[in-house]
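For reference, the structure is listed below as structure tokens.
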Amino acid sequence: MVVEPSLSFTSRPPPTHCTRFNFRTFRWMQTMIFAIEEINKEAKLIPNITLGYKIYDSCSTPHQALKAAMELMGSEKGSGVKGETGGNGTCHGTVPAVIGDGGSTQSLVVARFLGVFQVPQVSYFSSCACLSDKNQFPAFLRTMPSDFFQVDALIQLVQHFGWTWVGVIAGDDAYGRGGANIFADEVRKLGACIALHEIIPKNRGQAAISSIISKIRSSGTRVILVFAVEQDTAALFDEALRHDTTGSMGFAIRRANIPGLQEFLLRLHPSNPDALSDPFLVPFWEEVFQCNLGLLAEGTELKDEGKPSCSGEEELGNVTNIYSDVSQLRISYNVYKAVYAISHAIKTMRSCVKGKGPFPLQACADIDNIQPWQLLHYIKQVEYLNSFGDETKFDENGDPAAIYDLVNWQLRPNGEMEFVTIGKFDETTIVGKQKLQIQEQRIVWNGNKTEVPLSVCSSICPPGTRKAIRPHFPICCHDCVVCTAGEISNQTDAIECVRCLPEFWSNDERTVCISKQVEFLSFSDTMGITLMAISLIGCFCTCVVVLIFSCHRNTAIVRANNSELSFLLLFSLALCFLCSLTFIGRPSEWSCMLKHTAFGIIFVLCISCILGKTIVVLMAFRATLPGSNVMKWFGPAQQKAIITFCTLVQVIICTVWLVVAPPKPQKLMPRESAIVILMCDEGSPVAFALVLGYIGLLACLCLLLAFLARKLPDNFNEARLITFSMLIFCAVWVAFVPAYISSPGKYSTVTEVFAILASSYGLLGCIFAPKCYIILLRPEKNTRKYLMSKGSSDKF
């Protein structure tokens, strides 16, 4: 409507239908005028061309916005440029470009209409991602980043702080619904959940807003993402403050300090001659000072709304409000950039060289009669660096590069709100660097520098636990289950626990795999010390018996029981006791080979001696029969041959065993146990069975022969003692087999040592204890006469 500030309106605009004057949007309008006048005054960017403008108030409604667009396109004289040769100073031709609208919903309607005529539309505040669709909106551009990038920034913010339980509240318009839906979809892709998704109704009734606040409280979320225009957001925040619910952070588009703008904004005054040509000044002034200006212009009636009359001394500089506050020029800066973008497009259009133009037949545009579709071409190609160091250009969708400030709302001690920039999001960041940068040390949460609020449906699962999804709940709602023994998780919110390698086990906290405890029959543990003591005591007792027999070797009882075999038997029993010590201690290759072969050979030697004594007893009885000379075949040399032969068989078996598949150390690492069992693997189970079987065979043979000789004449009554000893020996080793197989870990070794010691003590006790008793305590019985007397065996 206004071509130049010095010109009057061509017609009286219709009365506004807006319910309340908006200081913020009025500042945007004044910023556009400021930018136009700045370009016209400097006359450097597009010299000899004067920019004009025509302003409509859409009242933030699609109906009013479409009506304004239709009136703009239907007027014979629209806003445009003053031609270089036009001397009358008037604008002419069709409208070359439109700046606006602010809201996405209004821009959707206007963009569809203007797109038909290829009229470039540059919006400064419409962020709906849907407007990037060039098939539907071919002439739409904007200096406001698309919601797509805003959502990307918000997603990275949610990731940065680890929020997984997020609420979304949207305004009931294209911006709110579109942005909220994109955000909800992207959040779900991250594995986070939407705690609630509510729409602020357009009527903004208190009951509806209160219901939303109640749902926020009941949801348990501590982070709410709001996609709404200023009016909807203000209604929500007012109700939230009444319920002591606060918010503190948000993304804002880049701000700038525009020199001279504040002075330009404060220039307005009803006494200014230009005021009569400004239809917005009267309602603005009356709203700022809450007074009535009265009749100021022809056709304006006095409004008596109970307000006092304005004194005429009111000054905008004495009032602090959002209109005069230039500390946060963000949308105003977008308006400023929109004006300059169109101006740079006109500059480029003007510099076109004839015959090298971008249009059919390489034509250039007629600068005196600019067509909108021609200007649209040049606006799309705009790329320049402004005086603030920011690059202005549009991508193939008509969108600018997305650069946001991360702003923290901090309440000052005086009750004022301060907007502190604590980071930024730059969509143009090169690959390898974070698009979102945050200075966390500058953040203030709810008035205090406290920890970042945690917003999760369930508490974060600490290391050592895993997440277990709750049935019939969103994926973000879970329980924390402690990892089972042998498994760990070394990070928070682990989805599953990781099993340790076989040689490792989890610590008590289930956070680290540590080496399993090595278990073997050690000389230092209680069981090892006990067995070692029993073994040494047995060896000592054997040595005592040897000493007793040596001192009384010429007595009847020692001589009657084959002293040479008795001493050899005692020697082998001492070795049996000492042999058990090889089973104690950390298994090694040598100890494993030694203990099994030594055990097998020594026990065979022991049993061979007993077998020799038993054969001698039987043969001695036959030698007493008339005409018998059998004893000459079982003299000392033959006895030694029997013992050597029997022992040599075991030596051969053990030698083959060591050559083919020797025993060797083995680590048993059961999955469900925290210990590594060190033990000796038999190597060849067949060889081990042959060794035990051969011992068992000799033992059974001894038992049989001794049993047959148990009722021989009294002076050969040693057979009865051998019978008892072999019964104990066989019982021990028969019980050993199942016990050995079923004993876990080191206890299998304990079982084997116990069997060796028990059988050794059985042999020592049954065969030699009665004889020592007679030698030491009943010497009167240790005579040949007594031994040959009838009934001596009953007392033996």
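By convention here, the chains of the structure tokens are called A, B, ... in the order presented, each chain's residues are numbered starting at 1, and ligands are numbered starting at 1 in the order presented.
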| message | Please extract the residues of stretch 63-240 of chain A with a backbone DSSP assignment of alpha helix (DSSP H) and present them as a ChimeraX atom specification. | response | /A:63-74,104-116,147-161,174-189,206-219,230-240
| task | Name all residues at most 10 Å from A:Phe359 (count only C-alpha atoms; drop same-chain ones fewer than 5 positions away) and give them as a list in words. | result |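 Listing them by chain and then by number gives Cys364, Ala365, Gln374 and His377 of chain A.
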Requested write-out: C-alpha atoms of the selected residues, as a PDB file, in the first residue's frame:
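Everything below was put into again11.pdb:
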```pdb
ATOM      1  CA  CYS A 364      17.789 -10.606 -19.802  1.00  0.00           C
ATOM      2  CA  ALA A 365      14.942  -9.313 -17.663  1.00  0.00           C
ATOM      3  CA  GLN A 374      12.248 -13.784 -13.650  1.00  0.00           C
ATOM      4  CA  HIS A 377      15.059 -17.354 -10.941  1.00  0.00           C
TER       5      HIS A 377
END
```
| query | Which residues come within 7 Å of A:Lys393, counting only C-alpha atoms, excluding same-chain residues fewer than 5 positions away, as a PyMOL selection string? | reply | chain A and resi 382-384+400
The selected residues should be written to file as a tab-separated table (two decimals), in the first residue's frame (atoms: C-alpha atoms).
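Final output, part-v2.tsv:
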```
chain	number	residue	atom	x	y	z
A	382	VAL	CA	21.38	-15.68	-4.49
A	383	GLU	CA	24.62	-16.27	-2.60
A	384	TYR	CA	26.37	-13.53	-0.67
A	400	PRO	CA	18.82	-21.78	4.00
```
| request: Using backbone DSSP assignments, extract all strand (DSSP E) residues from stretch 234-422 of chain A; output them as a PyMOL selection string. | output: chain A and resi 249-253+383-385+391-393+403-411+417-422
Please produce a file of the residues just selected, as an mmCIF file, in the first residue's frame, where the atoms kept are N, CA and C atoms.
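So result.cif came out as:
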```
data_model
loop_
_atom_site.group_PDB
_atom_site.id
_atom_site.type_symbol
_atom_site.label_atom_id
_atom_site.label_comp_id
_atom_site.auth_asym_id
_atom_site.auth_seq_id
_atom_site.Cartn_x
_atom_site.Cartn_y
_atom_site.Cartn_z
ATOM 1 N N MET A 249 15.406 -24.721 28.188
ATOM 2 C CA MET A 249 16.345 -24.804 27.073
ATOM 3 C C MET A 249 15.604 -24.908 25.749
ATOM 4 N N GLY A 250 16.199 -24.379 24.711
ATOM 5 C CA GLY A 250 15.594 -24.501 23.394
ATOM 6 C C GLY A 250 16.528 -24.020 22.306
ATOM 7 N N PHE A 251 16.225 -24.414 21.090
ATOM 8 C CA PHE A 251 16.998 -23.957 19.943
ATOM 9 C C PHE A 251 16.356 -22.690 19.388
ATOM 10 N N ALA A 252 17.198 -21.758 19.036
ATOM 11 C CA ALA A 252 16.731 -20.512 18.417
ATOM 12 C C ALA A 252 17.586 -20.258 17.189
ATOM 13 N N ILE A 253 16.978 -19.619 16.204
ATOM 14 C CA ILE A 253 17.759 -19.292 15.017
ATOM 15 C C ILE A 253 18.791 -18.219 15.361
ATOM 16 N N GLU A 383 23.568 -15.775 -3.497
ATOM 17 C CA GLU A 383 24.616 -16.265 -2.602
ATOM 18 C C GLU A 383 25.547 -15.101 -2.301
ATOM 19 N N TYR A 384 25.528 -14.664 -1.051
ATOM 20 C CA TYR A 384 26.365 -13.528 -0.672
ATOM 21 C C TYR A 384 26.679 -13.601 0.817
ATOM 22 N N LEU A 385 27.694 -12.883 1.214
ATOM 23 C CA LEU A 385 28.110 -12.792 2.611
ATOM 24 C C LEU A 385 27.718 -11.412 3.114
ATOM 25 N N GLU A 391 26.590 -16.210 5.643
ATOM 26 C CA GLU A 391 26.331 -16.470 4.230
ATOM 27 C C GLU A 391 24.848 -16.717 4.023
ATOM 28 N N THR A 392 24.290 -16.047 3.032
ATOM 29 C CA THR A 392 22.880 -16.221 2.695
ATOM 30 C C THR A 392 22.776 -16.861 1.324
ATOM 31 N N LYS A 393 22.163 -18.029 1.276
ATOM 32 C CA LYS A 393 21.890 -18.704 0.021
ATOM 33 C C LYS A 393 20.786 -19.722 0.260
ATOM 34 N N ILE A 403 21.454 -23.158 10.934
ATOM 35 C CA ILE A 403 22.369 -22.817 12.025
ATOM 36 C C ILE A 403 21.520 -22.287 13.178
ATOM 37 N N TYR A 404 21.588 -22.956 14.303
ATOM 38 C CA TYR A 404 20.783 -22.582 15.465
ATOM 39 C C TYR A 404 21.686 -22.257 16.654
ATOM 40 N N ASP A 405 21.225 -21.369 17.489
ATOM 41 C CA ASP A 405 21.832 -21.150 18.803
ATOM 42 C C ASP A 405 21.085 -21.996 19.821
ATOM 43 N N LEU A 406 21.832 -22.658 20.697
ATOM 44 C CA LEU A 406 21.206 -23.376 21.812
ATOM 45 C C LEU A 406 21.130 -22.394 22.974
ATOM 46 N N VAL A 407 19.908 -22.079 23.356
ATOM 47 C CA VAL A 407 19.668 -21.003 24.319
ATOM 48 C C VAL A 407 19.150 -21.581 25.629
ATOM 49 N N ASN A 408 19.726 -21.096 26.723
ATOM 50 C CA ASN A 408 19.304 -21.494 28.062
ATOM 51 C C ASN A 408 18.571 -20.330 28.725
ATOM 52 N N TRP A 409 17.365 -20.603 29.212
ATOM 53 C CA TRP A 409 16.606 -19.564 29.909
ATOM 54 C C TRP A 409 17.063 -19.524 31.355
ATOM 55 N N GLN A 410 17.691 -18.425 31.746
ATOM 56 C CA GLN A 410 18.224 -18.296 33.101
ATOM 57 C C GLN A 410 17.549 -17.118 33.807
ATOM 58 N N LEU A 411 17.022 -17.418 34.977
ATOM 59 C CA LEU A 411 16.298 -16.413 35.756
ATOM 60 C C LEU A 411 17.289 -15.625 36.588
ATOM 61 N N MET A 417 14.227 -12.612 32.988
ATOM 62 C CA MET A 417 14.695 -13.799 32.286
ATOM 63 C C MET A 417 15.808 -13.414 31.323
ATOM 64 N N GLU A 418 16.913 -14.142 31.387
ATOM 65 C CA GLU A 418 18.044 -13.901 30.498
ATOM 66 C C GLU A 418 18.217 -15.110 29.578
ATOM 67 N N PHE A 419 18.410 -14.836 28.316
ATOM 68 C CA PHE A 419 18.608 -15.889 27.331
ATOM 69 C C PHE A 419 20.105 -16.002 27.041
ATOM 70 N N VAL A 420 20.698 -17.086 27.540
ATOM 71 C CA VAL A 420 22.145 -17.273 27.433
ATOM 72 C C VAL A 420 22.428 -18.340 26.381
ATOM 73 N N THR A 421 23.249 -17.976 25.407
ATOM 74 C CA THR A 421 23.634 -18.938 24.379
ATOM 75 C C THR A 421 24.686 -19.876 24.950
ATOM 76 N N ILE A 422 24.360 -21.172 24.976
ATOM 77 C CA ILE A 422 25.251 -22.164 25.591
ATOM 78 C C ILE A 422 25.808 -23.152 24.556
#
```
| query | What lies within 6 Å of A:Asn292 using only C-alpha atoms, ignoring chain neighbours under 5 positions off, as a PyMOL selection string? | reply | chain A and resi 286+307-310
Resulting file, chosen residues, N, CA and C atoms, as a PDB file, in the first residue's frame:
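Saved file result-v6.pdb follows:
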```
ATOM      1  N   GLU A 286      -1.839   2.867  21.396  1.00  0.00           N
ATOM      2  CA  GLU A 286      -2.846   2.689  22.438  1.00  0.00           C
ATOM      3  C   GLU A 286      -2.591   1.424  23.265  1.00  0.00           C
ATOM      4  N   LYS A 307     -10.454   3.935  28.481  1.00  0.00           N
ATOM      5  CA  LYS A 307      -9.046   4.287  28.648  1.00  0.00           C
ATOM      6  C   LYS A 307      -8.910   5.797  28.745  1.00  0.00           C
ATOM      7  N   PRO A 308      -7.941   6.264  29.479  1.00  0.00           N
ATOM      8  CA  PRO A 308      -7.705   7.720  29.524  1.00  0.00           C
ATOM      9  C   PRO A 308      -7.129   8.201  28.205  1.00  0.00           C
ATOM     10  N   SER A 309      -7.275   9.437  27.953  1.00  0.00           N
ATOM     11  CA  SER A 309      -6.729  10.014  26.717  1.00  0.00           C
ATOM     12  C   SER A 309      -5.215  10.102  26.821  1.00  0.00           C
ATOM     13  N   CYS A 310      -4.586   9.926  25.688  1.00  0.00           N
ATOM     14  CA  CYS A 310      -3.126  10.040  25.657  1.00  0.00           C
ATOM     15  C   CYS A 310      -2.738  11.497  25.829  1.00  0.00           C
TER      16      CYS A 310
END
```
| field | Polymer residues at most 8 Å from A:Gln491, only C-alpha atoms, same-chain spacing of 4 or more positions, as a PyMOL selection string | value | chain A and resi 462-464
| remark: Using only C-alpha atoms, the best pick from A:Thr465, A:Gln381, A:Ser759, A:Thr221 as closest to A:Val734 would be A:Ser759
| field | Distance query stretch 159-174 of chain A at most 9 Å, only C-alpha atoms, self and fewer than 5 positions along chain excluded, as an MDAnalysis selection string | value | chainID A and resid 103:106 108 128 130 154 179:181 183:184 187 190:202 212 216 219:229 232:233 436 452:458 476:477
Would you export the selected residues with C-alpha atoms as an mmCIF file, in the first residue's frame, please?
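The file below, selection10.cif, is the result:
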```
data_model
loop_
_atom_site.group_PDB
_atom_site.id
_atom_site.type_symbol
_atom_site.label_atom_id
_atom_site.label_comp_id
_atom_site.auth_asym_id
_atom_site.auth_seq_id
_atom_site.Cartn_x
_atom_site.Cartn_y
_atom_site.Cartn_z
ATOM 1 C CA GLY A 103 3.269 -18.824 10.311
ATOM 2 C CA SER A 104 3.611 -22.078 8.375
ATOM 3 C CA THR A 105 -0.139 -22.587 8.169
ATOM 4 C CA GLN A 106 -0.645 -19.210 6.539
ATOM 5 C CA LEU A 108 0.942 -23.007 3.007
ATOM 6 C CA CYS A 128 7.262 -26.518 8.225
ATOM 7 C CA CYS A 130 6.320 -29.634 4.023
ATOM 8 C CA LEU A 154 16.653 -31.680 18.812
ATOM 9 C CA GLY A 179 7.452 -30.783 13.425
ATOM 10 C CA ALA A 180 6.109 -32.954 16.243
ATOM 11 C CA ASN A 181 5.438 -35.896 13.930
ATOM 12 C CA PHE A 183 10.501 -35.528 15.819
ATOM 13 C CA ALA A 184 8.452 -38.447 17.163
ATOM 14 C CA VAL A 187 13.133 -40.320 18.325
ATOM 15 C CA LEU A 190 16.925 -43.931 18.246
ATOM 16 C CA GLY A 191 15.196 -46.407 20.539
ATOM 17 C CA ALA A 192 13.721 -43.655 22.709
ATOM 18 C CA CYS A 193 10.007 -43.412 23.458
ATOM 19 C CA ILE A 194 7.339 -40.758 23.350
ATOM 20 C CA ALA A 195 5.829 -40.424 26.808
ATOM 21 C CA LEU A 196 2.915 -38.339 25.560
ATOM 22 C CA HIS A 197 1.874 -36.560 22.392
ATOM 23 C CA GLU A 198 -0.613 -33.747 22.936
ATOM 24 C CA ILE A 199 -2.083 -30.978 20.777
ATOM 25 C CA ILE A 200 -2.715 -27.461 22.069
ATOM 26 C CA PRO A 201 -6.204 -26.511 20.864
ATOM 27 C CA LYS A 202 -6.599 -23.242 19.041
ATOM 28 C CA ILE A 212 -2.163 -31.276 29.170
ATOM 29 C CA ILE A 216 2.752 -34.245 31.675
ATOM 30 C CA SER A 219 3.668 -39.406 32.403
ATOM 31 C CA GLY A 220 6.792 -39.126 34.547
ATOM 32 C CA THR A 221 8.798 -37.441 31.800
ATOM 33 C CA ARG A 222 11.061 -34.546 32.705
ATOM 34 C CA VAL A 223 11.688 -33.379 29.150
ATOM 35 C CA ILE A 224 8.974 -31.866 26.961
ATOM 36 C CA LEU A 225 9.531 -30.812 23.360
ATOM 37 C CA VAL A 226 7.127 -28.049 22.340
ATOM 38 C CA PHE A 227 6.363 -27.322 18.682
ATOM 39 C CA ALA A 228 4.014 -24.377 18.760
ATOM 40 C CA VAL A 229 3.703 -20.755 17.780
ATOM 41 C CA ASP A 232 0.127 -21.371 21.969
ATOM 42 C CA THR A 233 3.441 -21.695 23.770
ATOM 43 C CA LEU A 436 25.940 -29.914 18.022
ATOM 44 C CA VAL A 452 21.334 -32.526 33.861
ATOM 45 C CA PRO A 453 17.764 -33.750 34.445
ATOM 46 C CA LEU A 454 17.317 -37.416 33.725
ATOM 47 C CA SER A 455 14.263 -38.278 31.704
ATOM 48 C CA VAL A 456 13.737 -42.010 31.375
ATOM 49 C CA CYS A 457 10.759 -44.303 31.818
ATOM 50 C CA SER A 458 12.958 -46.587 33.877
ATOM 51 C CA CYS A 476 11.978 -47.681 26.963
ATOM 52 C CA CYS A 477 10.297 -49.098 30.056
#
```
| said: When you count only C-alpha atoms, which of these residues is closest to A:Cys576: A:Gly115, A:Gly312, A:Pro372, A:Gly762? | reply: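 Of all the options, A:Gly762 lies closest to A:Cys576.
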| request: Using only C-alpha atoms, find the one residue out of A:Leu578, A:Ala240, A:Val444, A:Ile675 that sits nearest to A:Ile534. | output: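 Closest candidate: A:Leu578.
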| Residue contacts of A:Asp244 (12 Å, only C-alpha atoms) excluding same-chain residues fewer than 6 positions away, as a ChimeraX atom specification | /A:213-214,217,237-238,446
| query | Between A:Asn257, A:Gln441, A:Thr749, A:Ser673, which one has atoms that come closest to A:Lys595, using only C-alpha atoms? | reply |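 So, comparing all the options, the nearest one is A:Thr749.
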| query | Hey, which of A:Val109, A:Val558, A:Ala637, A:Val339 ends up closest to A:Met70? Count only C-alpha atoms. | reply | A:Val109
| Which value, in Å to one decimal, gives the distance between atom CA of A:Ile99 and atom CA of A:Ala345? |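 Interatomic distance, atom CA of A:Ile99 to atom CA of A:Ala345: 13.9 Å.
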